[in-house]
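> Just upload-v9.txt, nothing more (compact mmCIF, C-alpha atoms):
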# COMPACT_ATOMS: atom_id res chain seq x y z
CA MET O 243 -20.30 -73.38 14.70
CA TRP O 244 -17.41 -74.70 12.70
CA ARG O 245 -14.70 -72.15 12.38
CA ILE O 246 -12.64 -73.61 9.61
CA GLY O 247 -11.45 -72.49 6.21
CA THR O 248 -9.28 -73.86 3.47
CA ARG O 249 -6.99 -72.01 1.15
CA THR O 250 -7.15 -74.36 -1.74
CA GLY O 251 -9.30 -76.25 -4.16
CA ILE O 252 -7.11 -79.35 -3.82
CA ARG O 253 -8.67 -79.93 -0.42
CA ARG O 254 -12.02 -80.42 -2.06
CA ARG O 255 -13.03 -83.02 0.53
CA VAL O 256 -11.78 -81.15 3.57
CA GLY O 257 -13.74 -82.92 6.21
CA ILE O 258 -16.91 -83.46 4.45
CA ALA O 259 -17.13 -83.99 8.17
CA ALA O 260 -16.19 -80.34 8.58
CA GLU O 261 -19.44 -79.30 6.96
CA CYS O 262 -21.54 -81.43 9.29
CA ALA O 263 -21.54 -80.91 12.92
CA LEU O 264 -23.10 -81.01 16.24
CA ALA O 265 -25.78 -78.44 16.71
CA ALA O 266 -24.31 -77.16 19.93
CA VAL O 267 -20.79 -76.50 18.77
CA LEU O 268 -20.79 -76.75 15.01
CA VAL O 269 -23.23 -76.31 12.14
CA LEU O 270 -26.62 -77.75 11.25
CA GLY O 271 -28.08 -79.16 8.11
CA CYS O 272 -25.99 -82.10 6.87
CA SER O 273 -27.39 -85.34 5.59
CA LYS O 274 -26.47 -88.68 7.12
CA LYS O 275 -24.47 -89.52 4.02
CA GLN O 276 -22.47 -86.30 4.37
CA GLN O 277 -21.68 -87.11 7.99
CA GLU O 278 -19.79 -90.25 7.01
CA ALA O 279 -16.12 -89.37 7.19
CA PRO O 280 -13.96 -90.31 4.18
CA GLN O 281 -11.49 -93.15 4.61
CA PRO O 282 -7.79 -92.33 4.34
CA ALA O 283 -6.29 -93.13 0.95
CA VAL O 284 -2.84 -93.77 2.36
CA SER O 285 -1.31 -95.31 5.41
CA ALA O 286 -0.08 -92.66 7.82
CA PRO O 287 -0.03 -92.23 11.59
CA VAL O 288 -3.49 -91.14 12.70
CA GLY O 289 -3.53 -87.40 13.28
CA GLU O 290 -0.30 -86.81 11.34
CA GLN O 291 -0.33 -83.53 9.47
CA VAL O 292 1.80 -82.85 6.42
CA ARG O 293 2.59 -79.36 5.16
CA VAL O 294 3.02 -79.00 1.42
CA ARG O 295 2.86 -76.44 -1.32
CA HIS O 296 1.94 -77.34 -4.83
CA ILE O 297 1.46 -76.19 -8.39
CA LEU O 298 -1.52 -77.36 -10.40
CA VAL O 299 -1.64 -77.01 -14.17
CA ARG O 300 -5.03 -77.79 -15.62
CA TYR O 301 -5.93 -78.57 -19.21
CA ARG O 302 -9.08 -78.44 -21.27
CA GLY O 303 -11.54 -81.04 -19.98
CA ALA O 304 -9.79 -81.68 -16.64
CA GLU O 305 -11.96 -81.82 -13.54
CA GLY O 306 -12.74 -78.29 -12.36
CA ALA O 307 -11.18 -76.62 -15.41
CA PRO O 308 -13.13 -73.52 -16.49
CA PRO O 309 -14.88 -73.72 -19.88
CA THR O 310 -12.67 -70.86 -21.11
CA LEU O 311 -9.45 -72.84 -20.60
CA GLN O 312 -8.02 -73.78 -23.98
CA ARG O 313 -4.70 -75.31 -22.89
CA SER O 314 -4.24 -78.81 -24.28
CA LYS O 315 -3.12 -81.74 -22.16
CA THR O 316 0.17 -81.82 -24.07
CA SER O 317 0.81 -78.14 -23.37
CA ALA O 318 -0.06 -78.59 -19.70
CA ASP O 319 2.35 -81.52 -19.43
CA SER O 320 5.10 -79.49 -21.05
CA LEU O 321 4.49 -76.50 -18.75
CA ILE O 322 4.50 -78.46 -15.50
CA HIS O 323 7.72 -80.27 -16.44
CA SER O 324 9.39 -76.98 -17.31
CA LEU O 325 8.34 -75.59 -13.91
CA ALA O 326 9.77 -78.66 -12.18
CA ASP O 327 13.07 -78.11 -13.98
CA ARG O 328 13.11 -74.45 -12.89
CA VAL O 329 12.58 -75.41 -9.23
CA ARG O 330 15.42 -77.93 -9.42
CA ARG O 331 17.64 -75.22 -10.89
CA GLY O 332 16.92 -72.99 -7.89
CA ASP O 333 13.90 -70.89 -8.89
CA ASP O 334 11.59 -70.09 -5.98
CA PHE O 335 8.68 -72.54 -5.81
CA GLY O 336 6.35 -69.97 -4.26
CA ASN O 337 6.95 -67.40 -6.98
CA LEU O 338 6.34 -70.00 -9.68
CA ALA O 339 3.12 -71.09 -7.96
CA ARG O 340 1.91 -67.49 -7.82
CA ALA O 341 2.63 -67.03 -11.51
CA PHE O 342 1.51 -70.35 -12.98
CA SER O 343 -0.61 -72.48 -10.64
CA ASP O 344 -4.29 -72.93 -11.51
CA ASP O 345 -5.19 -73.79 -7.91
CA PRO O 346 -6.68 -71.09 -5.63
CA SER O 347 -3.66 -71.58 -3.37
CA HIS O 348 -1.50 -69.69 -5.89
CA ASP O 349 -2.04 -66.51 -3.84
CA GLU O 350 -0.30 -68.29 -0.94
CA GLY O 351 2.62 -69.41 -3.05
CA GLY O 352 0.98 -72.80 -3.43
CA GLU O 353 0.91 -73.48 0.32
CA ILE O 354 -2.20 -75.19 1.63
CA GLN O 355 -3.41 -76.02 5.11
CA PRO O 356 -1.75 -79.03 6.76
CA LEU O 357 -3.02 -82.27 5.29
CA VAL O 358 -4.69 -85.05 7.25
CA PRO O 359 -5.25 -88.46 5.61
CA GLY O 360 -8.57 -88.70 3.83
CA GLU O 361 -8.99 -85.02 2.99
CA THR O 362 -7.50 -84.83 -0.51
CA PRO O 363 -7.70 -86.94 -3.68
CA PRO O 364 -5.89 -90.30 -3.34
CA GLU O 365 -3.36 -89.50 -6.06
CA PHE O 366 -2.34 -86.34 -4.18
CA GLU O 367 -2.13 -88.04 -0.80
CA ARG O 368 0.06 -90.89 -1.98
CA VAL O 369 2.66 -88.41 -3.20
CA ALA O 370 2.41 -85.87 -0.35
CA PHE O 371 2.75 -88.40 2.47
CA ALA O 372 5.65 -90.18 0.76
CA LEU O 373 7.79 -87.03 0.61
CA LYS O 374 10.29 -86.03 3.27
CA PRO O 375 10.55 -82.39 4.40
CA GLY O 376 12.20 -80.39 1.64
CA ASP O 377 11.61 -83.02 -1.06
CA LEU O 378 10.16 -82.14 -4.45
CA SER O 379 7.86 -84.65 -6.08
CA LYS O 380 7.95 -85.88 -9.63
CA VAL O 381 5.20 -84.52 -11.85
CA PHE O 382 2.05 -86.57 -11.44
CA GLU O 383 -1.49 -86.46 -12.77
CA SER O 384 -4.89 -86.53 -11.10
CA PRO O 385 -8.34 -85.90 -12.58
CA MET O 386 -7.74 -82.20 -11.81
CA GLY O 387 -4.63 -81.90 -13.98
CA PHE O 388 -0.85 -82.11 -13.49
CA HIS O 389 0.70 -81.51 -10.08
CA LEU O 390 4.08 -80.67 -8.63
CA VAL O 391 4.34 -80.91 -4.82
CA GLN O 392 6.99 -79.84 -2.36
CA ARG O 393 6.85 -80.92 1.25
CA LEU O 394 7.65 -78.20 3.74
CA GLY O 395 9.52 -78.45 7.01
CA VAL O 396 8.09 -78.40 10.47
CA GLY O 397 8.34 -74.60 10.94
CA LEU O 398 4.83 -74.21 12.33
CA VAL O 399 3.60 -73.18 15.74
CA GLY O 400 0.10 -73.28 17.13
CA ILE O 401 -0.59 -69.99 18.89
CA GLU O 402 -3.41 -68.54 20.95
CA HIS O 403 -3.12 -64.89 21.87
CA ILE O 404 -4.81 -61.98 23.60
CA LEU O 405 -4.44 -58.53 22.05
CA ILE O 406 -4.99 -55.29 23.96
CA ARG O 407 -4.99 -52.22 21.74
CA TYR O 408 -4.45 -48.56 22.54
CA ARG O 409 -5.25 -45.31 20.79
CA GLY O 410 -2.97 -44.83 17.82
CA ALA O 411 -1.87 -48.48 17.51
CA GLU O 412 -1.90 -49.88 13.99
CA THR O 413 -5.43 -50.86 12.84
CA ALA O 414 -6.91 -49.83 16.21
CA PRO O 415 -10.48 -48.56 15.64
CA ASP O 416 -11.49 -45.07 16.70
CA SER O 417 -13.53 -46.60 19.50
CA ILE O 418 -10.29 -47.52 21.33
CA ARG O 419 -9.60 -44.55 23.57
CA ARG O 420 -7.23 -45.97 26.19
CA THR O 421 -3.67 -44.74 26.26
CA ARG O 422 -0.63 -46.94 25.79
CA THR O 423 0.02 -46.82 29.54
CA GLU O 424 -3.54 -47.89 30.30
CA ALA O 425 -3.36 -50.69 27.73
CA LEU O 426 -0.13 -52.00 29.26
CA ALA O 427 -1.65 -52.00 32.74
CA LEU O 428 -4.70 -53.90 31.47
CA ALA O 429 -2.51 -56.43 29.65
CA GLU O 430 -0.48 -57.01 32.81
CA SER O 431 -3.62 -57.65 34.87
CA ILE O 432 -4.88 -60.14 32.27
CA LEU O 433 -1.47 -61.84 32.20
CA ALA O 434 -1.62 -62.34 35.97
CA LEU O 435 -5.09 -63.84 35.55
CA VAL O 436 -4.24 -66.31 32.75
CA ARG O 437 -1.17 -67.53 34.63
CA GLN O 438 -3.41 -68.86 37.36
CA PRO O 439 -3.89 -72.63 36.87
CA GLN O 440 -7.68 -72.44 37.14
CA THR O 441 -7.98 -69.88 34.32
CA SER O 442 -8.77 -71.05 30.80
CA PHE O 443 -6.66 -69.17 28.26
CA PRO O 444 -9.18 -69.60 25.39
CA VAL O 445 -12.05 -68.38 27.58
CA ALA O 446 -10.00 -65.38 28.69
CA ALA O 447 -9.09 -64.62 25.07
CA ALA O 448 -12.73 -64.78 24.03
CA ALA O 449 -13.59 -62.35 26.81
CA TRP O 450 -10.68 -59.90 26.63
CA SER O 451 -8.87 -60.02 23.30
CA GLU O 452 -9.44 -57.18 20.87
CA ASP O 453 -8.33 -59.20 17.87
CA GLU O 454 -11.72 -59.48 16.20
CA LEU O 455 -10.70 -62.44 14.07
CA SER O 456 -9.18 -64.73 16.69
CA ALA O 457 -11.12 -63.80 19.84
CA PRO O 458 -14.23 -65.83 18.88
CA ARG O 459 -11.89 -68.80 18.37
CA GLY O 460 -10.48 -68.58 21.88
CA GLY O 461 -7.59 -66.45 20.62
CA TYR O 462 -6.41 -69.18 18.25
CA VAL O 463 -4.36 -67.57 15.49
CA GLY O 464 -3.79 -70.86 13.69
CA GLU O 465 -0.84 -72.96 12.64
CA VAL O 466 1.61 -70.21 11.82
CA PRO O 467 4.78 -70.56 9.74
CA ARG O 468 7.81 -68.33 9.98
CA GLY O 469 7.68 -65.17 7.96
CA ARG O 470 3.95 -64.56 8.37
CA MET O 471 4.00 -62.55 11.61
CA VAL O 472 5.60 -59.32 12.75
CA LYS O 473 9.03 -60.09 14.16
CA PRO O 474 8.45 -59.42 17.88
CA PHE O 475 5.42 -61.76 17.79
CA GLU O 476 7.20 -64.41 15.72
CA ASN O 477 10.34 -64.43 17.85
CA VAL O 478 8.38 -65.06 21.02
CA ALA O 479 5.99 -67.56 19.41
CA PHE O 480 8.80 -69.82 18.22
CA ALA O 481 10.76 -69.48 21.46
CA LEU O 482 7.89 -70.66 23.67
CA GLU O 483 7.67 -74.21 24.92
CA GLU O 484 4.42 -76.08 24.33
CA ASN O 485 1.65 -74.87 26.68
CA ALA O 486 3.84 -72.01 27.93
CA ILE O 487 2.45 -68.49 28.26
CA SER O 488 4.58 -65.51 27.28
CA GLY O 489 5.09 -62.23 29.00
CA ILE O 490 3.78 -59.02 27.47
CA VAL O 491 4.82 -58.66 23.82
CA GLU O 492 4.45 -55.31 22.10
CA THR O 493 3.97 -54.98 18.35
CA PRO O 494 2.65 -52.09 16.24
CA PHE O 495 -0.84 -53.52 16.87
CA GLY O 496 -0.72 -53.29 20.66
CA PHE O 497 0.16 -55.58 23.56
CA HIS O 498 -0.06 -59.36 23.18
CA ILE O 499 -0.06 -62.34 25.51
CA LEU O 500 0.80 -65.57 23.69
CA LYS O 501 0.28 -69.22 24.51
CA ARG O 502 1.87 -71.93 22.42
CA VAL O 503 -0.40 -74.95 21.94
CA LYS O 504 0.12 -78.34 20.40
CA ILE O 505 -0.88 -78.68 16.76
CA GLU O 506 -3.22 -81.64 16.71
CA THR O 507 -6.62 -82.89 15.74
CA ILE O 508 -8.66 -85.12 18.02
CA ARG O 509 -11.86 -87.12 18.06
CA VAL O 510 -14.34 -86.75 20.88
CA GLN O 511 -17.78 -87.92 21.88
CA HIS O 512 -20.09 -85.75 23.88
CA ILE O 513 -23.44 -85.75 25.60
CA LEU O 514 -25.30 -82.45 25.63
CA ILE O 515 -27.97 -81.71 28.22
CA ALA O 516 -29.84 -78.59 27.19
CA GLN O 517 -31.99 -76.26 29.23
CA GLY O 518 -34.89 -74.04 28.26
CA GLY O 519 -33.87 -71.06 26.16
CA THR O 520 -30.62 -72.57 24.87
CA ARG O 521 -29.96 -71.27 21.39
CA GLY O 522 -29.22 -73.06 18.13
CA LEU O 523 -29.97 -76.60 19.21
CA GLY O 524 -32.87 -77.58 17.01
CA VAL O 525 -34.60 -78.90 20.14
CA LYS O 526 -37.06 -77.32 22.54
CA ALA O 527 -35.74 -78.11 25.98
CA THR O 528 -38.05 -77.08 28.82
CA ARG O 529 -35.97 -78.12 31.82
CA THR O 530 -34.56 -75.43 34.11
CA GLU O 531 -30.84 -74.80 34.53
CA GLN O 532 -30.87 -76.69 37.83
CA GLU O 533 -32.73 -79.61 36.27
CA ALA O 534 -30.31 -79.72 33.34
CA LEU O 535 -27.28 -79.69 35.64
CA LYS O 536 -28.74 -82.46 37.83
CA ARG O 537 -29.43 -84.58 34.75
CA ALA O 538 -25.91 -84.01 33.45
CA LEU O 539 -24.39 -85.00 36.80
CA ASP O 540 -26.52 -88.15 36.87
CA VAL O 541 -25.37 -89.11 33.36
CA LEU O 542 -21.74 -88.39 34.29
CA PHE O 543 -22.07 -90.65 37.34
CA ARG O 544 -23.36 -93.47 35.17
CA ALA O 545 -20.58 -92.96 32.59
CA ARG O 546 -17.93 -93.13 35.31
CA LYS O 547 -19.50 -96.24 36.74
CA GLY O 548 -18.72 -97.97 33.47
CA GLU O 549 -21.94 -97.69 31.46
CA SER O 550 -21.46 -97.42 27.71
CA PHE O 551 -20.86 -93.81 26.69
CA ASP O 552 -22.37 -94.61 23.29
CA ASP O 553 -25.59 -95.85 24.87
CA LEU O 554 -25.81 -92.91 27.25
CA ALA O 555 -25.36 -90.46 24.37
CA ARG O 556 -28.07 -92.15 22.34
CA GLU O 557 -30.45 -92.05 25.29
CA PHE O 558 -29.77 -88.66 26.83
CA SER O 559 -27.94 -86.28 24.47
CA ASP O 560 -29.90 -83.33 23.11
CA ASP O 561 -27.47 -82.94 20.21
CA GLN O 562 -29.63 -84.59 17.58
CA LEU O 563 -26.87 -84.76 14.98
CA THR O 564 -24.47 -86.77 17.10
CA ALA O 565 -26.68 -88.64 19.57
CA SER O 566 -27.51 -91.41 17.12
CA ARG O 567 -23.77 -91.92 16.55
CA GLY O 568 -23.01 -92.40 20.22
CA GLY O 569 -22.13 -88.72 20.57
CA ARG O 570 -19.27 -88.97 18.08
CA MET O 571 -18.21 -85.71 16.49
CA PRO O 572 -16.10 -85.24 13.38
CA ARG O 573 -12.38 -84.81 14.07
CA ILE O 574 -11.78 -81.33 15.52
CA SER O 575 -8.84 -78.96 15.54
CA ARG O 576 -8.26 -75.98 17.78
CA GLY O 577 -10.38 -72.95 16.99
CA GLN O 578 -13.30 -75.00 15.69
CA THR O 579 -15.39 -75.23 18.84
CA VAL O 580 -16.40 -72.78 21.53
CA PRO O 581 -13.51 -72.03 23.93
CA GLU O 582 -14.96 -73.73 27.01
CA PHE O 583 -15.52 -76.96 25.06
CA GLU O 584 -12.12 -76.82 23.37
CA GLU O 585 -10.14 -76.24 26.56
CA VAL O 586 -11.55 -79.37 28.15
CA ALA O 587 -11.56 -81.58 25.05
CA PHE O 588 -7.90 -81.00 24.23
CA GLY O 589 -6.91 -81.46 27.85
CA LEU O 590 -8.32 -84.98 28.09
CA ALA O 591 -6.27 -88.15 27.70
CA PRO O 592 -7.57 -90.75 25.21
CA GLY O 593 -10.47 -92.58 26.82
CA GLN O 594 -10.87 -90.01 29.61
CA VAL O 595 -14.30 -88.59 30.48
CA SER O 596 -14.56 -84.95 31.52
CA ASP O 597 -16.43 -83.36 34.37
CA VAL O 598 -19.61 -81.53 33.38
CA VAL O 599 -18.68 -78.62 31.09
CA ARG O 600 -20.90 -75.54 30.84
CA THR O 601 -21.12 -73.63 27.57
CA GLU O 602 -23.67 -71.26 26.10
CA PHE O 603 -25.37 -74.34 24.63
CA GLY O 604 -25.93 -76.21 27.87
CA PHE O 605 -24.06 -78.84 29.87
CA HIS O 606 -21.67 -81.24 28.15
CA ILE O 607 -19.97 -84.46 29.15
CA ILE O 608 -17.00 -85.06 26.86
CA ARG O 609 -15.08 -88.23 26.22
CA ARG O 610 -11.89 -88.13 24.19
CA SER O 611 -11.87 -91.07 21.82
CA SER O 612 -8.86 -93.26 21.28
CA GLU O 613 -7.00 -92.20 18.15
CA SER O 614 -8.08 -95.39 16.40
CA ALA O 615 -11.76 -94.68 17.01
CA THR O 616 -14.02 -94.74 14.00
CA PRO O 617 -15.67 -91.45 13.06
Translate this file's structure into structure tokens.


Amino acid sequence: MWRIGTRTGIRRRVGIAAECALAAVLVLGCSKKQQEAPQPAVSAPVGEQVRVRHILVRYRGAEGAPPTLQRSKTSADSLIHSLADRVRRGDDFGNLARAFSDDPSHDEGGEIQPLVPGETPPEFERVAFALKPGDLSKVFESPMGFHLVQRLGVGLVGIEHILIRYRGAETAPDSIRRTRTEALALAESILALVRQPQTSFPVAAAAWSEDELSAPRGGYVGEVPRGRMVKPFENVAFALEENAISGIVETPFGFHILKRVKIETIRVQHILIAQGGTRGLGVKATRTEQEALKRALDVLFRARKGESFDDLAREFSDDQLTASRGGRMPRISRGQTVPEFEEVAFGLAPGQVSDVVRTEFGFHIIRRSSESATP
């Protein structure tokens, strides 16, 4: 299923696509209208992500304002301009956001998840994408109220990790009985495994990591800024080259193995061939595992011979939500699909078709779309 969350109300349209998904990897139950991805409101390189923090000051009658809010539009305008002046005089933007912002992101100092064109109101996008890192916007208005936006620098890393706990480590549950020495030995054996080229790091993380939050996401911690992690973890995370795997890193939580991954979103098409007993598909497949694999290999052969992937998906895919769209999925980021699917999808070049990929949902053939592909 989709494994995505937002920290803010400003991203009210965060992938309407992100609520609609393929049965095998994402969630069910979206209408055709909901599946139509919004068009970007601004011109920006496809896939570009912009990090910002913002302050929202609502007024009585603004979109989303609670009925109890009595602040007038004039008062709101005065407040947001005074906050802008304070930031320019050196006051901390994050502290002001925590104290005054009416957006749910105030708990995060106004910081929201990286923006992608088409996911926020047009008025907000035009300002956010025009800023350079470090720039502060002028005050501007949207139907939600008055905004002040600051664009942040690049200081983000995408990290997957495996955590091995030991008895007495911070937040380790009572069920963890291994000693520190035993945990270190286990971590070292896993490190040797994930350094082998044929080993998928996300699959290994899903199998071995004892971080309950990230393990189901293939160990994906997220797009992490400086100052949000314990120092030993942060120092290694920011020192790693892209796609590099760290040595053993110890923190108060246990032993970690880190992999730095590229921060990106991609579009893919897929064809799913299900077998009997596959869960969560919304279809009743009766073919055996061997029959499903043979069918998937036949479809792959035809795709690589040059037949239209769109047509093959419409004819053969058991993912009922995407088959009619030529197998096209909404844009995906890391941590949103099952690890086996993600590892292959993000490893493909634009236009490349994968081998047959086995997941708990059946057999997939994945094609990475060109970045200009329509959703």

> Between O:Val580, O:Ser559, O:Leu535, O:Thr530, which has the minimum distance to O:Ala448 (counting all atoms listed in the file)?

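Comparing O:Val580, O:Ser559, O:Leu535, O:Thr530 against O:Ala448, the winner is O:Val580.
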
> As an exercise, work out the distance from atom CA of O:Ser611 to atom CA of O:Ile574 in Å and give it to one decimal place.

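Atom CA of O:Ile574 lies at a distance of 11.6 Å from atom CA of O:Ser611.
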
> Give me the residues within 12 Å of O:Lys315 as a list in words, counting all atoms listed in the file and dropping any in the same chain fewer than 3 places off.

Val299, Arg300, Tyr301, Arg302, Gly303, Ala304, Ala307, Leu311, Gln312, Ala318, Asp319, Ser320, Leu321, Ile322, Glu383, Pro385, Met386, Gly387 and Phe388 of chain O

> What separation in Å, quoted to one decimal, exists between atom CA of O:Ser417 and atom CA of O:Ser451?

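Straight-line distance from atom CA of O:Ser417 to atom CA of O:Ser451 works out to 14.7 Å.
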
> Compile the contact shell of stretch 401-414 of chain O as a VMD selection string: residues with an atom at most 9 Å away, counting only C-alpha atoms, same-chain residues fewer than 3 positions apart removed.

chain O and resid 417 to 426 428 to 429 432 443 to 444 446 to 448 450 to 453 456 to 457 459 to 466 479 493 to 505

> Which residues, written as a PyMOL selection string, have at least one atom at most 12 Å from O:Arg546, with all atoms listed in the file counted and residues fewer than 6 positions away on the same chain left out?

chain O and resi 539-540+554+593-598+607-609

> Would you compute the distance between atom CA of O:Arg393 and atom CA of O:Ser379? Give it in Å to one decimal.

8.3 Å

> Counting all atoms listed in the file, which residues have an atom no more than 6 Å from (-6.1, -83.4, 13.6) in the file's coordinates? Please list them as a VMD selection string.

chain O and resid 289 506 to 508 575

> Env of O:Gln517: 9 Å cut, atoms = only C-alpha atoms, seq-sep filter 3 positions within chain, self excluded. Answer as a PyMOL selection string.

chain O and resi 520+526-535+603-605

> Given the choices O:Gly400, O:Gly568, O:Gly577, O:Pro359, which gets closest to O:Asn485 if the distance is worked out from all atoms listed in the file?

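Among the listed residues, O:Gly400 lies closest to O:Asn485.
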
> Name the closest residue to O:His348 among the candidates O:Leu298, O:Pro364, O:Arg573, O:Val391; distances are taken between atoms, counting all atoms listed in the file.

O:Leu298

> Kindly indicate which residue among O:Phe335, O:Pro572, O:Phe543, O:Val510 lies nearest to O:Ala587, using all atoms listed in the file for the distances.

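Under the stated criterion, the closest residue is O:Val510.
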
> Please identify all polymer residues within 9 Å of O:Phe551, counting all atoms listed in the file, omitting same-chain residues fewer than 3 positions from it, and present them as a ChimeraX atom specification.

/O:511-513,544-545,548,554-556,568-569,609
